[in-house]
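**Q** What follows is a single structure, and I will ask about it in a moment.
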Amino acid sequence: AAAGRPAISFACDGAHEVIADGKNGWVVPMRDTAAVRDRMAQLLEDAALRASFGVAARANVNESWTVEAMVAQIDDLYRRLLA
């Protein structure tokens, strides 16, 4: 995502934190290799889709995964745990 590339992931812990399904990549059901194959083929065939997903992926990283954003999330977590 940070490299401006779309991602395809199985639906495992953390996948939805990085991938907004259908916006910057896809999250497919666990062990559904046919879904991975189909999504990869779709990306290979559609340069505009690859580009738009890539732009969205990089924007997500730049907004959500900065040091400042992560520190704010950790601070929020600690505040909720101590409340």
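Just remember, in the structure tokens the first chain shown is A, the second B, etc., residues are 1-based per chain, and ligands are 1-based in the order shown.
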I want to know what sits within 10 Å of Gly22 of chain A, based on only C-alpha atoms, with residues of the same chain fewer than 3 positions away left out; could you give that as a PDB file with N, CA, C and O atoms, in the first residue's frame?
**A**
```pdb
ATOM      1  N   PRO A   6      -2.221  -1.774  -5.295  1.00  0.00           N
ATOM      2  CA  PRO A   6      -3.384  -2.431  -4.698  1.00  0.00           C
ATOM      3  C   PRO A   6      -2.961  -3.723  -4.009  1.00  0.00           C
ATOM      4  O   PRO A   6      -1.903  -4.280  -4.309  1.00  0.00           O
ATOM      5  N   ILE A   8      -4.333  -7.639  -2.355  1.00  0.00           N
ATOM      6  CA  ILE A   8      -5.342  -8.687  -2.235  1.00  0.00           C
ATOM      7  C   ILE A   8      -4.934  -9.515  -1.030  1.00  0.00           C
ATOM      8  O   ILE A   8      -3.776  -9.920  -0.916  1.00  0.00           O
ATOM      9  N   ILE A  19      -6.743  -2.794   4.145  1.00  0.00           N
ATOM     10  CA  ILE A  19      -7.448  -2.867   2.864  1.00  0.00           C
ATOM     11  C   ILE A  19      -8.909  -2.481   3.046  1.00  0.00           C
ATOM     12  O   ILE A  19      -9.640  -3.109   3.809  1.00  0.00           O
ATOM     13  N   GLY A  25      -8.070  -2.304  -2.757  1.00  0.00           N
ATOM     14  CA  GLY A  25      -7.717  -3.703  -2.914  1.00  0.00           C
ATOM     15  C   GLY A  25      -8.914  -4.557  -2.586  1.00  0.00           C
ATOM     16  O   GLY A  25     -10.037  -4.057  -2.540  1.00  0.00           O
ATOM     17  N   TRP A  26      -8.658  -5.834  -2.350  1.00  0.00           N
ATOM     18  CA  TRP A  26      -9.755  -6.733  -2.017  1.00  0.00           C
ATOM     19  C   TRP A  26      -9.367  -7.654  -0.878  1.00  0.00           C
ATOM     20  O   TRP A  26      -8.213  -8.063  -0.743  1.00  0.00           O
ATOM     21  N   VAL A  27     -10.354  -8.002  -0.077  1.00  0.00           N
ATOM     22  CA  VAL A  27     -10.222  -9.030   0.942  1.00  0.00           C
ATOM     23  C   VAL A  27     -11.130 -10.174   0.506  1.00  0.00           C
ATOM     24  O   VAL A  27     -12.320  -9.974   0.291  1.00  0.00           O
ATOM     25  N   PHE A  53      -6.830   2.076  -7.397  1.00  0.00           N
ATOM     26  CA  PHE A  53      -6.602   1.353  -6.152  1.00  0.00           C
ATOM     27  C   PHE A  53      -5.256   1.746  -5.550  1.00  0.00           C
ATOM     28  O   PHE A  53      -5.131   1.900  -4.338  1.00  0.00           O
TER      29      PHE A  53
END
```
**Q** Which polymer residues have any atom within 7 Å of an atom of Ala57 of chain A, counting only C-alpha atoms, with same-chain residues fewer than 5 positions away left out, as a list in words?
**A**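 Once the adjacent positions are removed, what remains is Ala1, Ala2, Gly4, Arg5, Pro6 and Asn24 of chain A.
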**Q** Based on the selection just made, write C-alpha atoms of those residues as a compact mmCIF listing (two decimals), in the first residue's frame.
**A**
```txt
# COMPACT_ATOMS: atom_id res chain seq x y z
CA ALA A 1 0.00 0.00 0.00
CA ALA A 2 2.79 2.42 0.87
CA GLY A 4 0.96 2.83 -4.17
CA ARG A 5 -0.06 -0.66 -5.20
CA PRO A 6 -3.38 -2.43 -4.70
CA ASN A 24 -7.72 0.04 -2.50
```
**Q** Report the residues of chain A whose backbone DSSP state falls under alpha helix (DSSP H), written as a PyMOL selection string.
**A** chain A and resi 15-18+33-45+47-64+67-82
**Q** Enter the distance from atom CA of Cys12 of chain A to atom CA of Met30 of chain A, in Å, rounded to one decimal.
**A**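 If I compute the distance from atom CA of Cys12 of chain A to atom CA of Met30 of chain A, I get 7.2 Å.
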**Q** So, counting only C-alpha atoms, which residue among A:Leu82, A:Ala35, A:Glu17, A:Lys23 is closest to Ser52 of chain A?
**A**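 Smallest separation from Ser52 of chain A among the options: A:Lys23.
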**Q** Identify which of the residues A:Phe10, A:Ala56, A:Asp75, A:Asp46 lies closest to Ala34 of chain A, counting only C-alpha atoms when measuring atom-to-atom distances.
**A**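 Smallest distance to Ala34 of chain A is found for A:Phe10.
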**Q** Tell me which protein, DNA and RNA residues are within 10 Å of Ala3 of chain A, counting only C-alpha atoms, leaving out same-chain ones fewer than 4 positions away, and put them as a list of chain:residue names.
**A**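 Listed by chain and then number, they are A:Gly54, A:Val55, A:Ala57, A:Arg58, A:Val61.
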**Q** Please return, as a ChimeraX atom specification, all residues of chain A that DSSP assigns to strand (DSSP E) on the basis of the backbone.
**A** /A:7-10,25-28
**Q** Could you tell me which of A:Ala72, A:Pro29, A:Val18, A:Ala7 comes closest to Asn60 of chain A if we count only C-alpha atoms?
**A** A:Val18
